[in-house]
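Have a look at upload.txt below; it lists compact mmCIF, C-alpha atoms.
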# COMPACT_ATOMS: atom_id res chain seq x y z
CA MET A 1 185.26 82.53 -135.62
CA SER A 2 184.56 85.89 -137.23
CA SER A 3 185.85 89.21 -135.98
CA ASN A 4 182.23 90.01 -135.05
CA ALA A 5 183.01 88.62 -131.60
CA ALA A 6 184.01 92.05 -130.29
CA ALA A 7 181.03 93.91 -131.78
CA VAL A 8 178.86 93.85 -128.65
CA PRO A 9 180.54 95.24 -125.49
CA ILE A 10 178.12 93.66 -123.06
CA GLY A 11 179.94 94.16 -119.80
CA THR A 12 181.28 91.80 -117.20
CA VAL A 13 180.36 88.16 -117.77
CA ARG A 14 180.01 85.92 -114.75
CA PRO A 15 180.34 82.14 -114.74
CA GLN A 16 177.26 80.29 -115.95
CA LYS A 17 175.44 77.66 -113.93
CA GLY A 18 174.96 75.55 -117.04
CA PRO A 19 173.88 75.67 -120.68
CA VAL A 20 170.53 76.83 -122.03
CA ALA A 21 168.58 74.56 -124.40
CA PHE A 22 167.02 76.40 -127.34
CA ILE A 23 163.98 74.50 -128.59
CA LEU A 24 163.31 75.14 -132.28
CA LYS A 25 160.71 73.79 -134.67
CA GLY A 26 163.41 72.99 -137.21
CA TYR A 27 167.13 73.63 -137.54
CA PRO A 28 168.76 74.87 -139.65
CA ARG A 29 166.12 76.73 -141.67
CA LEU A 30 166.80 79.33 -144.37
CA SER A 31 163.66 81.25 -143.44
CA GLU A 32 164.74 81.70 -139.81
CA THR A 33 168.03 83.49 -140.18
CA PHE A 34 167.07 85.84 -137.34
CA ILE A 35 167.07 82.93 -134.89
CA ALA A 36 170.44 81.65 -136.06
CA GLN A 37 171.87 85.16 -135.87
CA GLU A 38 170.61 85.48 -132.30
CA ILE A 39 172.09 82.12 -131.27
CA LEU A 40 175.47 83.01 -132.74
CA GLY A 41 175.43 86.44 -131.10
CA LEU A 42 174.65 84.94 -127.70
CA GLU A 43 177.35 82.30 -128.13
CA ARG A 44 179.86 85.04 -128.81
CA LEU A 45 178.79 86.72 -125.59
CA GLY A 46 179.56 83.53 -123.69
CA LEU A 47 176.21 81.76 -123.48
CA ASP A 48 176.55 77.97 -123.62
CA ILE A 49 173.72 76.76 -125.89
CA ARG A 50 172.31 73.36 -126.80
CA ILE A 51 169.94 73.31 -129.78
CA VAL A 52 166.92 71.00 -129.64
CA SER A 53 165.10 70.64 -132.97
CA LEU A 54 161.61 69.15 -133.34
CA ARG A 55 162.33 68.19 -136.94
CA ARG A 56 165.29 67.62 -139.21
CA PRO A 57 166.26 70.19 -141.86
CA THR A 58 164.50 70.21 -145.21
CA ASP A 59 166.43 73.04 -146.92
CA ARG A 60 169.26 71.97 -149.18
CA GLU A 61 171.25 75.14 -148.50
CA THR A 62 172.43 76.74 -145.26
CA HIS A 63 173.45 80.29 -144.43
CA PRO A 64 177.04 81.17 -143.39
CA VAL A 65 175.75 81.92 -139.88
CA HIS A 66 174.68 78.28 -139.46
CA ARG A 67 178.22 77.12 -140.16
CA GLU A 68 179.59 79.44 -137.47
CA ILE A 69 177.30 78.25 -134.67
CA ALA A 70 179.09 75.88 -132.27
CA ALA A 71 176.05 74.52 -130.39
CA PRO A 72 175.42 70.77 -130.78
CA VAL A 73 171.96 69.75 -131.98
CA LEU A 74 169.61 67.15 -130.48
CA TYR A 75 166.94 66.08 -132.97
CA LEU A 76 163.73 64.82 -131.39
CA PRO A 77 161.53 62.31 -133.26
CA GLU A 78 159.36 64.39 -135.60
CA TYR A 79 156.70 61.66 -135.73
CA LEU A 80 156.36 59.36 -132.74
CA HIS A 81 155.41 56.30 -134.79
CA GLN A 82 158.76 56.51 -136.59
CA ALA A 83 160.70 56.06 -133.33
CA PRO A 84 158.49 53.95 -131.03
CA ALA A 85 161.39 52.36 -129.15
CA ARG A 86 162.92 55.76 -128.40
CA VAL A 87 159.62 57.19 -127.20
CA PHE A 88 158.86 54.13 -125.04
CA ALA A 89 162.32 54.23 -123.48
CA ALA A 90 161.81 57.92 -122.70
CA TRP A 91 158.45 57.24 -121.07
CA ARG A 92 159.91 54.48 -118.90
CA ARG A 93 162.63 56.84 -117.76
CA VAL A 94 160.57 59.98 -117.06
CA ARG A 95 157.40 58.44 -115.61
CA ARG A 96 159.19 58.06 -112.26
CA LEU A 97 160.30 61.70 -112.13
CA PRO A 98 158.48 63.91 -109.58
CA GLY A 99 157.09 66.25 -112.23
CA TYR A 100 155.76 63.64 -114.63
CA GLU A 101 152.23 63.37 -113.24
CA ALA A 102 151.81 67.16 -113.17
CA ALA A 103 153.00 67.39 -116.79
CA ARG A 104 150.67 64.59 -117.83
CA ALA A 105 147.71 66.32 -116.14
CA VAL A 106 148.43 69.59 -117.95
CA TRP A 107 148.80 67.76 -121.25
CA ARG A 108 145.52 65.90 -120.78
CA SER A 109 143.77 69.20 -120.03
CA ASP A 110 145.24 70.66 -123.24
CA LEU A 111 144.26 67.57 -125.21
CA ARG A 112 140.63 67.90 -124.16
CA ARG A 113 140.56 71.34 -125.80
CA ASP A 114 142.78 70.46 -128.75
CA ARG A 115 142.15 66.87 -129.83
CA SER A 116 144.88 66.70 -132.43
CA ARG A 117 147.69 64.32 -133.29
CA ASN A 118 150.02 67.29 -133.05
CA ARG A 119 149.12 67.69 -129.37
CA VAL A 120 150.01 64.04 -128.72
CA ARG A 121 153.26 64.47 -130.62
CA ARG A 122 154.22 67.46 -128.49
CA PHE A 123 153.98 65.48 -125.27
CA GLY A 124 155.91 62.56 -126.76
CA GLN A 125 158.67 64.92 -127.86
CA ALA A 126 158.72 66.51 -124.41
CA MET A 127 159.22 63.09 -122.80
CA VAL A 128 162.13 62.35 -125.15
CA LEU A 129 163.65 65.76 -124.41
CA ALA A 130 163.30 65.22 -120.65
CA ALA A 131 164.86 61.75 -120.92
CA GLU A 132 167.71 62.82 -123.21
CA MET A 133 168.28 66.29 -121.78
CA PRO A 134 171.81 67.47 -122.64
CA LYS A 135 174.04 67.35 -119.58
CA GLY A 136 173.89 70.33 -117.24
CA VAL A 137 171.06 72.24 -118.95
CA ARG A 138 169.67 74.81 -116.50
CA TRP A 139 167.03 76.51 -118.63
CA LEU A 140 164.72 75.81 -121.58
CA HIS A 141 164.03 78.52 -124.15
CA ALA A 142 161.54 77.98 -126.97
CA HIS A 143 161.38 79.93 -130.21
CA PHE A 144 157.70 80.30 -131.19
CA LEU A 145 154.75 80.24 -128.86
CA HIS A 146 152.95 77.29 -130.43
CA THR A 147 154.55 73.85 -130.87
CA PRO A 148 158.07 74.53 -129.50
CA ALA A 149 156.61 76.31 -126.46
CA SER A 150 154.31 73.36 -125.75
CA VAL A 151 157.25 70.96 -125.81
CA ALA A 152 159.24 73.31 -123.57
CA ARG A 153 156.35 73.68 -121.13
CA TYR A 154 155.73 69.94 -120.77
CA ALA A 155 159.47 69.23 -120.47
CA SER A 156 159.78 72.01 -117.88
CA LEU A 157 157.05 70.43 -115.76
CA ILE A 158 158.66 66.99 -116.04
CA THR A 159 162.18 68.15 -115.18
CA GLY A 160 161.56 71.13 -112.92
CA LEU A 161 163.64 73.41 -115.16
CA LYS A 162 162.36 76.92 -115.73
CA TRP A 163 161.52 77.99 -119.26
CA SER A 164 161.09 81.08 -121.39
CA CYS A 165 160.01 81.78 -124.94
CA SER A 166 160.51 84.10 -127.91
CA ALA A 167 157.29 84.75 -129.85
CA HIS A 168 157.26 86.04 -133.40
CA ALA A 169 154.33 86.06 -135.84
CA LYS A 170 151.97 83.19 -136.70
CA ASP A 171 152.41 81.74 -133.22
CA VAL A 172 151.16 84.99 -131.66
CA TRP A 173 148.11 85.46 -133.84
CA THR A 174 146.88 81.89 -134.34
CA THR A 175 147.50 80.24 -130.95
CA PRO A 176 144.26 80.12 -128.90
CA GLU A 177 144.09 82.74 -126.15
CA TRP A 178 143.49 80.10 -123.46
CA GLU A 179 146.74 78.40 -124.44
CA ILE A 180 148.73 81.63 -124.53
CA ALA A 181 147.38 82.65 -121.10
CA GLU A 182 148.32 79.30 -119.54
CA LYS A 183 151.78 79.37 -121.06
CA LEU A 184 152.30 82.91 -119.80
CA ALA A 185 151.37 81.77 -116.30
CA SER A 186 153.90 78.92 -116.52
CA LEU A 187 156.94 80.53 -118.14
CA ASP A 188 159.57 82.88 -116.71
CA THR A 189 159.75 85.50 -119.50
CA LEU A 190 158.26 85.94 -122.97
CA ALA A 191 160.18 87.99 -125.54
CA ILE A 192 158.20 89.42 -128.46
CA CYS A 193 159.70 91.19 -131.48
CA THR A 194 156.92 93.69 -132.35
CA ARG A 195 155.06 96.33 -130.39
CA ALA A 196 151.77 95.11 -131.86
CA GLY A 197 152.44 91.61 -130.56
CA HIS A 198 153.54 92.97 -127.20
CA GLU A 199 150.23 94.77 -126.72
CA LEU A 200 148.25 91.62 -127.49
CA LEU A 201 150.29 89.28 -125.28
CA ALA A 202 150.63 91.64 -122.32
CA GLY A 203 146.84 91.86 -122.24
CA LEU A 204 146.53 88.09 -121.77
CA THR A 205 148.36 87.87 -118.44
CA ASP A 206 148.04 89.22 -114.91
CA ALA A 207 151.82 89.69 -114.96
CA PRO A 208 152.41 91.91 -118.05
CA LYS A 209 156.02 92.56 -117.01
CA LYS A 210 156.75 88.98 -118.07
CA VAL A 211 156.26 90.12 -121.67
CA ARG A 212 159.28 92.01 -123.01
CA LEU A 213 159.60 93.82 -126.34
CA ILE A 214 162.94 92.77 -127.84
CA TYR A 215 163.60 93.49 -131.51
CA HIS A 216 165.84 91.11 -133.46
CA GLY A 217 167.87 93.66 -135.38
CA LEU A 218 170.61 93.00 -137.93
CA ASP A 219 174.27 92.15 -137.82
CA PHE A 220 175.55 94.97 -140.02
CA GLU A 221 178.88 93.27 -140.56
CA ARG A 222 176.95 90.73 -142.63
CA PHE A 223 174.94 93.46 -144.33
CA PRO A 224 177.34 96.38 -144.91
CA PRO A 225 175.99 99.38 -146.85
CA PRO A 226 176.34 99.23 -150.64
CA ALA A 227 179.58 100.60 -152.04
CA ARG A 228 177.94 102.64 -154.81
CA PRO A 229 174.59 104.22 -155.62
CA ARG A 230 172.09 102.45 -157.84
CA PRO A 231 171.62 103.54 -161.45
CA ALA A 232 168.69 105.90 -161.93
CA LYS A 233 166.37 103.66 -163.95
CA ASP A 234 162.97 105.08 -164.87
CA ALA A 235 161.46 101.99 -166.57
CA SER A 236 161.71 103.56 -170.04
CA ASP A 237 164.38 101.17 -171.36
CA ALA A 238 163.22 97.67 -172.29
CA ASP A 239 166.84 96.50 -172.28
CA ASP A 240 167.45 97.80 -168.75
CA PRO A 241 164.24 97.22 -166.75
CA VAL A 242 163.64 98.24 -163.16
CA ILE A 243 164.38 95.20 -160.98
CA LEU A 244 161.76 94.40 -158.37
CA LEU A 245 162.87 91.97 -155.67
CA SER A 246 160.83 90.03 -153.14
CA VAL A 247 162.12 87.54 -150.58
CA GLY A 248 159.66 85.33 -148.75
CA ARG A 249 158.13 81.88 -148.63
CA ILE A 250 155.28 81.30 -151.06
CA VAL A 251 152.50 81.18 -148.49
CA PRO A 252 149.23 83.16 -148.41
CA LYS A 253 150.32 85.66 -145.75
CA LYS A 254 153.09 87.01 -148.01
CA GLY A 255 150.49 88.34 -150.49
CA TYR A 256 152.11 87.16 -153.72
CA GLU A 257 148.83 86.46 -155.49
CA GLY A 258 147.88 90.09 -154.92
CA LEU A 259 151.29 91.23 -156.14
CA ILE A 260 150.89 89.38 -159.43
CA THR A 261 147.41 90.89 -159.84
CA ALA A 262 148.79 94.39 -159.15
CA LEU A 263 151.62 93.95 -161.65
CA GLY A 264 149.01 93.01 -164.25
CA ARG A 265 147.43 96.45 -163.83
CA LEU A 266 150.59 98.41 -164.63
CA ASP A 267 151.02 100.40 -167.81
CA PRO A 268 152.64 98.10 -170.42
CA ALA A 269 155.02 100.96 -171.23
CA LEU A 270 156.73 100.46 -167.85
CA HIS A 271 159.63 98.05 -168.18
CA TRP A 272 160.23 95.99 -165.04
CA ARG A 273 161.37 92.53 -164.00
CA LEU A 274 160.43 90.69 -160.78
CA VAL A 275 162.92 88.43 -158.98
CA HIS A 276 161.54 86.19 -156.25
CA ILE A 277 163.57 84.30 -153.64
CA GLY A 278 161.90 81.89 -151.25
CA GLY A 279 160.70 78.34 -150.79
CA GLY A 280 157.29 77.01 -151.70
CA ASP A 281 155.35 75.97 -154.77
CA ALA A 282 155.36 78.74 -157.38
CA ASN A 283 153.27 76.87 -159.98
CA GLY A 284 150.03 78.66 -159.13
CA LEU A 285 151.70 82.07 -159.33
CA ARG A 286 153.40 81.12 -162.59
CA GLN A 287 150.04 80.20 -164.06
CA GLN A 288 148.52 83.45 -162.81
CA ALA A 289 151.33 85.47 -164.43
CA GLU A 290 150.99 83.42 -167.63
CA ALA A 291 147.27 84.24 -167.81
CA LEU A 292 148.10 87.93 -167.40
CA GLY A 293 150.73 87.76 -170.14
CA PHE A 294 153.97 88.47 -168.28
CA ALA A 295 155.26 85.15 -166.95
CA GLY A 296 158.51 85.73 -168.84
CA ARG A 297 159.22 88.84 -166.75
CA ILE A 298 159.52 86.91 -163.47
CA ASP A 299 162.46 84.88 -162.18
CA TRP A 300 161.50 82.31 -159.53
CA LEU A 301 164.79 81.45 -157.82
CA GLY A 302 163.50 79.33 -154.94
CA ALA A 303 165.18 79.27 -151.53
CA GLN A 304 168.69 80.72 -151.56
CA ALA A 305 171.58 81.16 -149.14
CA GLN A 306 172.28 84.52 -147.58
CA GLU A 307 175.13 85.31 -149.96
CA THR A 308 172.75 85.15 -152.93
CA VAL A 309 170.10 87.18 -151.10
CA LEU A 310 172.62 89.95 -150.44
CA GLU A 311 173.78 89.90 -154.06
CA LYS A 312 170.19 90.25 -155.31
CA LEU A 313 169.43 93.03 -152.80
CA ARG A 314 172.35 95.02 -154.17
CA GLY A 315 171.27 94.43 -157.77
CA ALA A 316 167.61 95.38 -157.23
CA ASP A 317 165.92 98.77 -157.61
CA LEU A 318 162.86 98.20 -155.41
CA PHE A 319 161.92 95.69 -152.70
CA VAL A 320 158.29 94.57 -152.50
CA LEU A 321 156.62 92.49 -149.77
CA PRO A 322 152.80 92.84 -149.78
CA CYS A 323 152.09 91.07 -146.47
CA ARG A 324 148.49 90.30 -145.52
CA VAL A 325 146.36 88.64 -142.84
CA THR A 326 144.95 85.23 -143.78
CA GLU A 327 141.52 83.88 -142.87
CA ASP A 328 142.89 82.02 -139.84
CA GLY A 329 144.62 85.16 -138.55
CA ASP A 330 148.14 84.22 -139.68
CA ARG A 331 150.36 87.18 -140.49
CA ASP A 332 153.97 88.30 -140.42
CA GLY A 333 155.47 90.07 -137.43
CA LEU A 334 158.34 92.26 -138.58
CA PRO A 335 160.00 90.47 -141.52
CA ASN A 336 163.77 90.60 -141.24
CA VAL A 337 164.02 90.75 -145.03
CA LEU A 338 162.70 94.32 -144.85
CA MET A 339 165.54 95.25 -142.51
CA GLU A 340 167.99 93.52 -144.83
CA ALA A 341 166.63 95.45 -147.81
CA GLN A 342 166.88 98.74 -145.95
CA SER A 343 170.45 97.93 -144.94
CA GLN A 344 171.24 98.07 -148.66
CA ALA A 345 169.57 101.47 -149.14
CA LEU A 346 166.89 99.72 -151.17
CA ALA A 347 163.48 101.41 -151.24
CA CYS A 348 160.77 99.19 -149.74
CA LEU A 349 157.07 98.84 -150.50
CA SER A 350 155.05 96.83 -148.01
CA THR A 351 151.81 96.93 -145.99
CA THR A 352 150.55 98.30 -142.70
CA ILE A 353 150.15 95.03 -140.77
CA SER A 354 151.74 94.01 -137.46
CA GLY A 355 155.19 95.44 -136.78
CA ILE A 356 156.00 96.66 -140.30
CA PRO A 357 155.06 100.30 -139.50
CA GLU A 358 157.45 100.10 -136.54
CA LEU A 359 160.26 99.80 -139.09
CA ILE A 360 158.98 101.63 -142.16
CA GLU A 361 157.66 105.16 -141.75
CA ASP A 362 155.23 105.59 -144.63
CA GLY A 363 156.39 108.24 -147.07
CA LYS A 364 159.66 108.78 -145.20
CA THR A 365 161.64 105.54 -145.13
CA GLY A 366 159.48 103.53 -147.52
CA LEU A 367 155.90 103.23 -148.71
CA LEU A 368 153.09 101.27 -147.03
CA VAL A 369 149.66 100.38 -148.36
CA ALA A 370 146.73 98.62 -146.73
CA PRO A 371 146.89 94.82 -147.03
CA ASP A 372 144.81 93.32 -149.87
CA ASN A 373 144.29 96.74 -151.45
CA ILE A 374 145.31 95.79 -154.98
CA GLU A 375 144.56 99.22 -156.44
CA ALA A 376 146.75 100.99 -153.87
CA LEU A 377 149.53 98.43 -154.40
CA ALA A 378 149.41 98.88 -158.17
CA ASP A 379 149.46 102.69 -157.83
CA ALA A 380 152.46 102.56 -155.48
CA LEU A 381 154.29 100.17 -157.78
CA ALA A 382 153.68 102.38 -160.80
CA MET A 383 154.89 105.48 -158.96
CA LEU A 384 158.04 103.88 -157.56
CA ILE A 385 158.99 102.01 -160.73
CA ALA A 386 158.98 105.27 -162.69
CA ALA A 387 160.63 107.47 -160.02
CA PRO A 388 164.33 106.72 -159.40
CA THR A 389 164.81 109.91 -157.37
CA LEU A 390 162.03 108.92 -154.96
CA ARG A 391 163.40 105.39 -154.67
CA GLU A 392 166.84 106.75 -153.87
CA LYS A 393 165.44 109.14 -151.25
CA LEU A 394 163.39 106.44 -149.50
CA GLY A 395 166.24 103.94 -149.67
CA ARG A 396 168.75 106.31 -148.09
CA ALA A 397 166.30 107.27 -145.33
CA GLY A 398 165.60 103.59 -144.69
CA LEU A 399 169.31 102.88 -144.41
CA VAL A 400 169.69 105.58 -141.75
CA ARG A 401 166.67 104.35 -139.79
CA VAL A 402 167.60 100.68 -139.74
CA HIS A 403 171.13 101.51 -138.58
CA ARG A 404 169.87 103.89 -135.93
CA HIS A 405 167.16 101.71 -134.42
CA PHE A 406 167.45 98.11 -135.58
CA GLY A 407 170.97 96.88 -134.94
CA GLN A 408 171.29 93.54 -133.16
CA GLU A 409 173.23 94.82 -130.14
CA PRO A 410 170.35 96.10 -127.94
CA GLY A 411 168.39 92.89 -128.41
CA LEU A 412 171.39 90.72 -127.60
CA ARG A 413 172.07 92.75 -124.44
CA ALA A 414 168.47 92.26 -123.33
CA LEU A 415 168.61 88.51 -123.98
CA ALA A 416 171.96 88.22 -122.21
CA ASP A 417 170.36 89.80 -119.15
CA LEU A 418 167.38 87.46 -119.48
CA PHE A 419 169.65 84.41 -119.40
CA GLU A 420 171.60 85.88 -116.47
CA LEU A 421 174.73 86.08 -118.56
CA SER A 422 175.93 89.51 -117.46
CA ASN A 423 175.80 91.41 -114.20
CA LYS A 424 175.98 94.93 -115.59
CA LYS A 425 174.94 96.62 -118.78
CA ALA A 426 177.46 97.74 -121.36
CA ARG A 427 178.70 101.26 -120.94
CA THR A 428 178.91 101.68 -124.69
CA VAL A 429 177.13 100.43 -127.75
CA SER A 430 178.86 100.06 -131.10
CA ALA A 431 178.23 103.06 -133.35
CA VAL A 432 176.33 100.99 -135.87
CA GLY A 433 173.02 99.74 -134.48
CA GLY A 434 173.06 101.69 -131.22
CA GLN A 435 169.96 103.41 -129.89
Just give me the structure as C-alpha cells.
Amino acid sequence: MSSNAAAVPIGTVRPQKGPVAFILKGYPRLSETFIAQEILGLERLGLDIRIVSLRRPTDRETHPVHREIAAPVLYLPEYLHQAPARVFAAWRRVRRLPGYEAARAVWRSDLRRDRSRNRVRRFGQAMVLAAEMPKGVRWLHAHFLHTPASVARYASLITGLKWSCSAHAKDVWTTPEWEIAEKLASLDTLAICTRAGHELLAGLTDAPKKVRLIYHGLDFERFPPPARPRPAKDASDADDPVILLSVGRIVPKKGYEGLITALGRLDPALHWRLVHIGGGDANGLRQQAEALGFAGRIDWLGAQAQETVLEKLRGADLFVLPCRVTEDGDRDGLPNVLMEAQSQALACLSTTISGIPELIEDGKTGLLVAPDNIEALADALAMLIAAPTLREKLGRAGLVRVHRHFGQEPGLRALADLFELSNKKARTVSAVGGQ
C-alpha cells in the first residue's frame, strides 16, 4: 500500500457495523478514475467496501489505482438471458423475503412508465444482488443516478438495507424527473459533484438536505506539479509545434467534431499538433480532419492508463476539451481531466457548461467559450496557440486554484461522515488540497 495512507487525517475512527457495497455500472473503467480514487481513499480511511459491478470490464488497460484497491468484486449478470439459471435461483431465494413484494410493486410502476428491456434487466440484477449479497453488508451505495441507482433501490427494498447514491453528469441530466424524485424519496443521501447539478436535484425533493455537494478532487501525490516550466513555443516553428492535448471518450458531448472544425479555421501559418487520448471510434473524426487537410497533424492514441495520461499532460502546451450539451440533454459534470491538466500547470480551454466554471475562472485560470460556438473556439485556440506567456500565466493560476480548492481530502471527509466512519472531523487538513 502506498504512503498516501496518512494523507487524510480524518479523526477518530470507530468500529464499523459492516461493509458498504458500492454498485457500479462497470469496474474497472479507465474513464472513471475518480470513482476508483474515491474507493481507494475510503479504504485507506478504514471503510470496508465490496464492489458490485453491473458489467464486466471492457478496457484492456487499468490504472495503478485499480491495482491498489483491496475490495473484492461481485459481477452481476449483464444480460439476464446469458445467466438464466442464476437469475431463476435468485428469484426463488428472494421471493420469500419480506421486502420482495414491495420491490416488485415499485418495479412494475417504473416499468409502466419505462417499457424497456433495460428496466427488466435492472430488476433481475437487483434480485441477484439481494440473493448473493456479500456477507455483512450494511449499506448500498450506487455511483450514478440511472441504472446503478435503480438496482440499488430495488435491492434495498428487497433486503431492507438503506441506500445512498453519488450522481455525476449524464445520469443527472437525462434521467426523467419522476424517477429522480422517487429515488430521492427512497434513498438516505445523494452526493452530487457540481453546484449546477446540486441546484437541479435539490429542487426535485421536499427534503433538499438529502442532496449534498461533494466535489471529487484529486490525489496530488499521483499528480505532483511539473518539475520544470514548459518551453515558450509560439507556433512559428514547424519542427517544434505547439502540442494540443485532449483526453475524453469520443462521444458527442465531448465536442470533438466542433474541435476539428475549429482547427480547420486556424491560420495555416500556426504550427500545432493535436494528441487525443480516449476510447471510442475515431474514424469519423479522422475523415473530417482528412477532408480539411490536416489528418496528419493528429495522433489518436485511444484509451490509455494513467501513467501515459500524466506523461502526455506534462509534454503538452495546451489542454482543450470543448464540452457541449447533446440533443437528449447529456452533458459532462466537472470532468476530472480538467483538474488533472491544471495540476500540471497546463493552460485549459473548455466551455461554460455544468460545473466547468466552478473549476475554471474564465480569463484567470483558463479560458471558457460557449458550447457549440465554433468561431469563439477557433479564436481562443488561435490566441492561445500563439501566446506562450498567456498559456504560462493561465496554467500557473490554474495550478494554484486546483490545489487550493479541489484536493480530494474534503470530499473524502464528507463521504466518511456519510458512511458513519468517523465520529469527529479532522482538526487539520493536509496543506495540499485543503480549503
For this session: Please determine the residues with any atom at most 12 Å from (145.3, 84.4, -139.5) (coordinates as given in the file, with only C-alpha atoms counting) and report them as a list in words.
Result: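 The residues that fall inside the cut-off are Ala169, Lys170, Asp171, Val172, Trp173, Thr174, Thr175, Pro176, Val251, Pro252, Lys253, Lys254, Cys323, Arg324, Val325, Thr326, Glu327, Asp328, Gly329, Asp330, Arg331, Asp332, Gly333, Ile353 and Ser354 of chain A.
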If you take every atom of segment 98-113 of chain A that the file lists and fit an axis-aligned box around them with 3 Å extra on each side, what centre and edge lengths come out in Å to one decimal, as AutoDock Vina command-line options?
--center_x 149.5 --center_y 67.4 --center_z -117.7 --size_x 23.9 --size_y 14.0 --size_z 22.2
For this session: With a distance cut-off of 9 Å and only C-alpha atoms, select the neighbouring residues of Trp272 of chain A, excluding the residue or stretch itself and same-chain residues fewer than 2 positions from it, and output the selection as a list in words.
Result: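 The residues satisfying every condition are Ala235, Ala238, Asp240, Pro241, Val242, Ile243, Leu244, Leu270, Leu274, Arg297 and Ile385 of chain A.
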Write out as a CSV table (one decimal) with C-alpha atoms, in the frame of the given file the residues lying within 9 Å of Ala70 of chain A, counting only C-alpha atoms and excluding same-chain residues fewer than 2 positions away.
chain,number,residue,atom,x,y,z
A,40,LEU,CA,175.5,83.0,-132.7
A,43,GLU,CA,177.4,82.3,-128.1
A,49,ILE,CA,173.7,76.8,-125.9
A,66,HIS,CA,174.7,78.3,-139.5
A,67,ARG,CA,178.2,77.1,-140.2
A,68,GLU,CA,179.6,79.4,-137.5
A,72,PRO,CA,175.4,70.8,-130.8
Problem set entry | Pick from A:Ile180, A:Leu140, A:Ala83, A:Ala196, whichever lies nearest to Asp110 of chain A using only C-alpha atoms | A:Ile180
For this session: Point out the residue among A:Gly278, A:Pro208, A:Gly18, A:Gly293 with the least atom-to-atom distance to Leu263 of chain A, counting all atoms listed in the file.
Result: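 Of all the options, A:Gly293 lies closest to Leu263 of chain A.
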Surrounding residues of Leu310 of chain A excluding itself and chain neighbours under 4 positions, 8 Å, only C-alpha atoms, as an mmCIF file with C-alpha atoms, in the frame of the given file:
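Printed below is selection17.cif as written:
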data_model
loop_
_atom_site.group_PDB
_atom_site.id
_atom_site.type_symbol
_atom_site.label_atom_id
_atom_site.label_comp_id
_atom_site.auth_asym_id
_atom_site.auth_seq_id
_atom_site.Cartn_x
_atom_site.Cartn_y
_atom_site.Cartn_z
ATOM 1 C CA PHE A 223 174.940 93.460 -144.330
ATOM 2 C CA GLN A 306 172.280 84.520 -147.580
ATOM 3 C CA ARG A 314 172.350 95.020 -154.170
#
For this session: Please identify all polymer residues within 12 Å of Ala105 of chain A, counting all atoms listed in the file, omitting same-chain residues fewer than 5 positions from it, and present them as an NGL selection string.
Result: :A and (99-100 or 110-112 or 123 or 154 or 157-158)
Problem set entry | Residues within 10 Å of Lys312 of chain A, all atoms listed in the file, excluding chain neighbours under 6 positions, as number ranges by chain | A: 243-247, 275-277, 306, 341
Exercise. So, counting all atoms listed in the file, which residue among A:Leu204, A:Phe319, A:Phe406, A:Ala167 is closest to Leu190 of chain A?
Worked result: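 Between A:Leu204, A:Phe319, A:Phe406, A:Ala167, the residue approaching Leu190 of chain A most closely is A:Ala167.
Of the residues under consideration (A:Arg222, A:Arg391, A:Lys183, A:Arg212), A:Arg212 shows the shortest atom-to-atom contact distance to Gly197 of chain A when counting all atoms listed in the file.
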Problem set entry | Interatomic distance (Å, one decimal) between atom CA of Ile298 of chain A and atom CA of Arg286 of chain A |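 Going from atom CA of Ile298 of chain A over to atom CA of Arg286 of chain A, I get 8.5 Å.
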For this session: Could you jot down the atom CA of Arg29 of chain A to atom CA of Pro225 of chain A separation for me, Å, one decimal place?
Result: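 Atom CA of Pro225 of chain A lies at a distance of 25.2 Å from atom CA of Arg29 of chain A.
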Exercise. Hey, can you check how far atom CA of Leu45 of chain A sits from atom CA of Gly411 of chain A?
Worked result: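 About the pair atom CA of Leu45 of chain A and atom CA of Gly411 of chain A: they are 12.4 Å apart.
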Is there a way to complete segment 364-374 of chain A with N, CA and C atoms and then write that out as a compact mmCIF listing (two decimals), keeping the file's coordinate frame?
# COMPACT_ATOMS: atom_id res chain seq x y z
N LYS A 364 158.36 108.27 -145.65
CA LYS A 364 159.66 108.78 -145.20
C LYS A 364 160.79 107.78 -145.43
N THR A 365 160.59 106.55 -144.97
CA THR A 365 161.64 105.54 -145.13
C THR A 365 161.16 104.36 -145.97
N GLY A 366 160.07 104.55 -146.66
CA GLY A 366 159.48 103.53 -147.52
C GLY A 366 158.02 103.88 -147.76
N LEU A 367 157.32 103.02 -148.48
CA LEU A 367 155.90 103.23 -148.71
C LEU A 367 155.11 102.03 -148.19
N LEU A 368 153.97 102.31 -147.55
CA LEU A 368 153.09 101.27 -147.03
C LEU A 368 151.69 101.46 -147.60
N VAL A 369 151.05 100.35 -147.92
CA VAL A 369 149.66 100.38 -148.36
C VAL A 369 148.87 99.42 -147.47
N ALA A 370 147.57 99.54 -147.50
CA ALA A 370 146.73 98.62 -146.73
C ALA A 370 146.82 97.22 -147.33
N PRO A 371 146.83 96.18 -146.49
CA PRO A 371 146.89 94.82 -147.03
C PRO A 371 145.66 94.51 -147.88
N ASP A 372 145.88 93.75 -148.96
CA ASP A 372 144.81 93.32 -149.87
C ASP A 372 144.19 94.46 -150.66
N ASN A 373 144.77 95.63 -150.63
CA ASN A 373 144.29 96.74 -151.45
C ASN A 373 145.09 96.74 -152.75
N ILE A 374 144.58 95.99 -153.73
CA ILE A 374 145.31 95.79 -154.98
C ILE A 374 145.49 97.11 -155.74
